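Contents: one structure, followed by commentary.
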Amino acid sequence: MRVVFLGAPGVGKGTQADKVVAQYHIAKISTGDLLRAAVRNKTTLGLEAKEHMDQGRLVPDSVVIGLVKEKLTELAQSKKFILDGFPRTVPQAEALAAVLDGQEIKLDRVINFRVSRDEIIKRLSGRRSCQKCQATYHVDFAPSKSGTACDRCGELLVQRSDDQREAVETRLKVYEEQTAPLIHFYEQRQLLSHLNGAEPVEVVYQELVRTLSAYQTA
């Protein structure tokens with residue numbers, strides 16, 4: 001199984017990726033995780049990434065692709081993975097295709113999770129978190145018992161700055177401009193399947209499993 005998960009922030013692709021990983025025992029490749037590990041371990045790519053991050057610059061595609069290539073090389077035996085939230089742009093997708101071709105790996109499917117803009121804003125802007133124990137809640141879907149304090153430790157719940165409505169709108173605009181073109185990119189290659197991410201988590205997962213089963217290779 002070699003899959004890419006696409007979708008705007010808040011569609012639930014990370015939750016679904018974790019469920020697939022638990023059931024099928026395959027690797028989840030998250031570029032955020034790869035970057036943090038590389039910086040922590042002071043690898044060559046990690047040091048290059050840190051230099052950009054320390055100066056407030058975006059980590060260049062060449063570094064991100066290099067990290068993904070290293071991870072795929074580690075998986076050379078199984079060659080089974082989910083790419084969660086990567087690629088984010090068409091140039092990244094083209095670079096990824098070149099890496100996969102070089103390792104004689106073919107993607108089985110690209111899953112695009114679709115949720116309406118209004119629903120995404122509701123999901124993200126309603127999140128609240130505890131700064132002490134990192135527990136998370138939602139004002140509509142999973143509120144704490146008091147509505148303002150953490151059930152675990154009693155700390156006051158806060159809204160992260162990137163979950164404020166204005167920030168969410170900005171994140172969605174960036175997605176629409178930079179990442180949404182990947183839908184056409186993968187449609188042209190007959191790799192894309194759409195899933196309704198607005199359904200309950202288990203309903204989405206069952207449909208995801210059916211889709212993956214239809215396209216899964218050895």
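Residues are named by chain letter and number: chains run A, B, ... in the order of the structure tokens, numbers start at 1 in each chain, and ligands are numbered from 1 in the order shown.
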
Contact check, segment 59-129 of chain A to segment 184-190 of chain A, at most 12 Å, counting only C-alpha atoms, closest pairs as a Markdown table:
| residue | atom | partner | partner_atom | distance |
| --- | --- | --- | --- | --- |
| A:Pro87 | CA | A:Tyr186 | CA | 11.2 |
| A:Arg88 | CA | A:Phe185 | CA | 11.7 |
| A:Thr89 | CA | A:Phe185 | CA | 9.8 |
| A:Val90 | CA | A:Phe185 | CA | 7.2 |
| A:Pro91 | CA | A:Phe185 | CA | 10.4 |
| A:Gln92 | CA | A:Phe185 | CA | 11.3 |
| A:Ala93 | CA | A:Phe185 | CA | 8.4 |
| A:Glu94 | CA | A:Phe185 | CA | 9.3 |
| A:Ala97 | CA | A:Tyr186 | CA | 10.9 |
| A:Lys106 | CA | A:Arg189 | CA | 11.6 |
| A:Leu107 | CA | A:Arg189 | CA | 10.5 |
| A:Asp108 | CA | A:Gln190 | CA | 10.3 |
| A:Arg109 | CA | A:Gln190 | CA | 8.8 |
| A:Val110 | CA | A:Tyr186 | CA | 7.2 |
| A:Ile111 | CA | A:Tyr186 | CA | 9.7 |
| A:Asn112 | CA | A:Tyr186 | CA | 9.9 |

Writing out the chosen residues with N, CA and C atoms as a short mmCIF file (atom, residue, chain, number, x, y, z; two decimals), in the first residue's frame:
data_model
loop_
_atom_site.label_atom_id
_atom_site.label_comp_id
_atom_site.auth_asym_id
_atom_site.auth_seq_id
_atom_site.Cartn_x
_atom_site.Cartn_y
_atom_site.Cartn_z
N PRO A 87 2.72 15.53 -0.99
CA PRO A 87 3.21 16.87 -1.32
C PRO A 87 2.17 17.96 -1.08
N ARG A 88 2.64 19.21 -0.99
CA ARG A 88 1.76 20.36 -0.78
C ARG A 88 1.65 21.25 -2.02
N THR A 89 2.54 21.05 -2.99
CA THR A 89 2.52 21.86 -4.20
C THR A 89 2.79 20.95 -5.40
N VAL A 90 2.47 21.44 -6.59
CA VAL A 90 2.74 20.66 -7.80
C VAL A 90 4.24 20.40 -7.98
N PRO A 91 5.12 21.40 -7.79
CA PRO A 91 6.55 21.10 -7.90
C PRO A 91 6.99 20.00 -6.93
N GLN A 92 6.44 19.99 -5.71
CA GLN A 92 6.77 18.91 -4.77
C GLN A 92 6.28 17.56 -5.29
N ALA A 93 5.09 17.55 -5.89
CA ALA A 93 4.55 16.31 -6.43
C ALA A 93 5.41 15.80 -7.58
N GLU A 94 5.90 16.71 -8.41
CA GLU A 94 6.77 16.31 -9.53
C GLU A 94 8.09 15.75 -9.00
N ALA A 97 7.44 12.31 -7.59
CA ALA A 97 7.30 11.33 -8.66
C ALA A 97 8.67 10.86 -9.16
N LYS A 106 5.56 2.68 -7.23
CA LYS A 106 4.39 3.30 -7.84
C LYS A 106 3.33 3.55 -6.77
N LEU A 107 2.72 4.72 -6.79
CA LEU A 107 1.63 5.01 -5.87
C LEU A 107 0.42 4.15 -6.23
N ASP A 108 -0.25 3.63 -5.20
CA ASP A 108 -1.50 2.90 -5.43
C ASP A 108 -2.66 3.87 -5.60
N ARG A 109 -2.69 4.90 -4.73
CA ARG A 109 -3.84 5.81 -4.76
C ARG A 109 -3.51 7.10 -4.04
N VAL A 110 -4.21 8.16 -4.45
CA VAL A 110 -4.18 9.45 -3.75
C VAL A 110 -5.61 9.72 -3.28
N ILE A 111 -5.78 9.88 -1.98
CA ILE A 111 -7.09 10.08 -1.39
C ILE A 111 -7.27 11.55 -1.04
N ASN A 112 -8.30 12.17 -1.59
CA ASN A 112 -8.61 13.56 -1.31
C ASN A 112 -9.83 13.63 -0.40
#

Which polymer residues have any atom within 10 Å of an atom of Ser62 of chain A, counting only C-alpha atoms, with same-chain residues fewer than 5 positions away left out, as a PDB file with C-alpha atoms, in the first residue's frame?
ATOM      1  CA  LEU A  45      19.616  17.796   6.036  1.00  0.00           C
ATOM      2  CA  LEU A  67      14.131  13.817   3.857  1.00  0.00           C
ATOM      3  CA  VAL A  68      11.287  11.967   2.151  1.00  0.00           C
ATOM      4  CA  GLN A  92       6.774  18.914  -4.766  1.00  0.00           C
ATOM      5  CA  ALA A  95       9.877  15.905  -7.371  1.00  0.00           C
TER       6      ALA A  95
END

Surrounding residues of Arg160 of chain A excluding itself and chain neighbours under 3 positions, 8 Å, only C-alpha atoms, as a list in words |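 Close residues of Arg160 of chain A: Arg127, Arg128, Ser129, Asp163 and Gln164 of chain A.
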
Between atom CA of Tyr24 of chain A and atom CA of Ile183 of chain A, what is the spacing in Å?
-> 25.5 Å

Output as a ChimeraX atom specification all residues of segment 120-191 of chain A that backbone DSSP marks as helix (DSSP H, G or I).
-> /A:120-125,161-163,165-179,181-188

Using N, CA, C and O atoms, can you write the selected residues to a file as a compact mmCIF listing (two decimals), in the first residue's frame?
# COMPACT_ATOMS: atom_id res chain seq x y z
N ILE A 120 -15.01 23.22 7.90
CA ILE A 120 -13.61 23.27 8.32
C ILE A 120 -13.39 24.41 9.32
O ILE A 120 -12.74 24.23 10.35
N ILE A 121 -13.95 25.57 9.01
CA ILE A 121 -13.81 26.71 9.91
C ILE A 121 -14.43 26.39 11.28
O ILE A 121 -13.85 26.70 12.33
N LYS A 122 -15.58 25.73 11.25
CA LYS A 122 -16.24 25.35 12.51
C LYS A 122 -15.38 24.37 13.30
O LYS A 122 -15.21 24.49 14.51
N ARG A 123 -14.82 23.39 12.60
CA ARG A 123 -13.97 22.39 13.26
C ARG A 123 -12.74 23.03 13.90
O ARG A 123 -12.42 22.75 15.06
N LEU A 124 -12.03 23.84 13.14
CA LEU A 124 -10.77 24.38 13.63
C LEU A 124 -10.95 25.51 14.63
O LEU A 124 -10.26 25.56 15.66
N SER A 125 -11.88 26.41 14.36
CA SER A 125 -12.05 27.56 15.27
C SER A 125 -12.68 27.15 16.59
O SER A 125 -12.59 27.90 17.57
N SER A 161 -3.48 30.25 18.50
CA SER A 161 -3.54 31.39 17.59
C SER A 161 -3.86 30.96 16.16
O SER A 161 -4.58 31.65 15.43
N ASP A 162 -3.36 29.78 15.74
CA ASP A 162 -3.62 29.35 14.36
C ASP A 162 -5.00 28.73 14.20
O ASP A 162 -5.38 28.34 13.10
N ASP A 163 -5.76 28.62 15.30
CA ASP A 163 -7.14 28.14 15.22
C ASP A 163 -8.15 29.29 15.27
O ASP A 163 -9.36 29.05 15.20
N ARG A 165 -10.34 32.30 13.86
CA ARG A 165 -11.01 32.30 12.55
C ARG A 165 -10.17 32.98 11.46
O ARG A 165 -10.05 32.46 10.34
N GLU A 166 -9.58 34.11 11.77
CA GLU A 166 -8.79 34.83 10.76
C GLU A 166 -7.61 33.98 10.29
O GLU A 166 -7.29 33.94 9.09
N ALA A 167 -6.96 33.30 11.24
CA ALA A 167 -5.83 32.44 10.89
C ALA A 167 -6.29 31.25 10.05
O ALA A 167 -5.61 30.82 9.11
N VAL A 168 -7.44 30.68 10.40
CA VAL A 168 -7.98 29.55 9.64
C VAL A 168 -8.28 29.98 8.21
O VAL A 168 -7.98 29.25 7.25
N GLU A 169 -8.87 31.15 8.05
CA GLU A 169 -9.15 31.67 6.71
C GLU A 169 -7.87 31.79 5.90
O GLU A 169 -7.84 31.46 4.70
N THR A 170 -6.81 32.27 6.54
CA THR A 170 -5.53 32.41 5.85
C THR A 170 -4.98 31.04 5.45
O THR A 170 -4.48 30.86 4.32
N ARG A 171 -5.06 30.07 6.36
CA ARG A 171 -4.58 28.72 6.07
C ARG A 171 -5.34 28.10 4.90
O ARG A 171 -4.75 27.44 4.03
N LEU A 172 -6.64 28.34 4.85
CA LEU A 172 -7.45 27.80 3.75
C LEU A 172 -7.11 28.49 2.43
O LEU A 172 -7.08 27.84 1.37
N LYS A 173 -6.83 29.78 2.49
CA LYS A 173 -6.46 30.49 1.27
C LYS A 173 -5.15 29.94 0.71
O LYS A 173 -5.01 29.73 -0.51
N VAL A 174 -4.18 29.70 1.59
CA VAL A 174 -2.90 29.12 1.17
C VAL A 174 -3.12 27.75 0.56
O VAL A 174 -2.54 27.41 -0.49
N TYR A 175 -3.97 26.95 1.20
CA TYR A 175 -4.27 25.61 0.67
C TYR A 175 -4.87 25.71 -0.73
O TYR A 175 -4.46 25.00 -1.66
N GLU A 176 -5.86 26.58 -0.89
CA GLU A 176 -6.54 26.71 -2.18
C GLU A 176 -5.60 27.17 -3.28
O GLU A 176 -5.70 26.74 -4.43
N GLU A 177 -4.64 28.03 -2.93
CA GLU A 177 -3.72 28.55 -3.93
C GLU A 177 -2.59 27.57 -4.26
O GLU A 177 -2.19 27.44 -5.42
N GLN A 178 -2.07 26.89 -3.23
CA GLN A 178 -0.86 26.09 -3.42
C GLN A 178 -1.11 24.59 -3.53
O GLN A 178 -0.41 23.91 -4.29
N THR A 179 -2.06 24.07 -2.77
CA THR A 179 -2.23 22.62 -2.68
C THR A 179 -3.38 22.08 -3.51
O THR A 179 -3.28 21.00 -4.08
N PRO A 181 -4.33 22.65 -6.48
CA PRO A 181 -3.97 22.23 -7.85
C PRO A 181 -3.50 20.78 -7.96
O PRO A 181 -3.49 20.21 -9.06
N LEU A 182 -3.11 20.19 -6.83
CA LEU A 182 -2.70 18.78 -6.85
C LEU A 182 -3.85 17.86 -7.22
O LEU A 182 -3.63 16.74 -7.70
N ILE A 183 -5.08 18.31 -6.97
CA ILE A 183 -6.24 17.48 -7.32
C ILE A 183 -6.23 17.22 -8.83
O ILE A 183 -6.36 16.07 -9.29
N HIS A 184 -6.04 18.27 -9.61
CA HIS A 184 -5.98 18.11 -11.07
C HIS A 184 -4.74 17.31 -11.47
O HIS A 184 -4.81 16.46 -12.38
N PHE A 185 -3.62 17.57 -10.80
CA PHE A 185 -2.37 16.87 -11.11
C PHE A 185 -2.55 15.36 -11.01
O PHE A 185 -2.15 14.61 -11.92
N TYR A 186 -3.19 14.90 -9.92
CA TYR A 186 -3.35 13.46 -9.73
C TYR A 186 -4.55 12.90 -10.49
O TYR A 186 -4.57 11.71 -10.83
N GLU A 187 -5.56 13.72 -10.77
CA GLU A 187 -6.66 13.28 -11.64
C GLU A 187 -6.13 12.93 -13.02
O GLU A 187 -6.54 11.93 -13.63
N GLN A 188 -5.23 13.76 -13.52
CA GLN A 188 -4.64 13.52 -14.85
C GLN A 188 -3.90 12.18 -14.89
O GLN A 188 -3.83 11.54 -15.95

List the neighbours of Glu155 of chain A out to 8 Å using only C-alpha atoms; skip same-chain residues closer than 3 positions along the sequence, and give me the result as a PyMOL selection string.
-> chain A and resi 130-132+149-150

Counting only C-alpha atoms, which of A:Glu202, A:Glu119, A:Glu48, A:Asp18 gets nearest to Phe81 of chain A?
->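 Nearest candidate to Phe81 of chain A out of A:Glu202, A:Glu119, A:Glu48, A:Asp18: A:Asp18.
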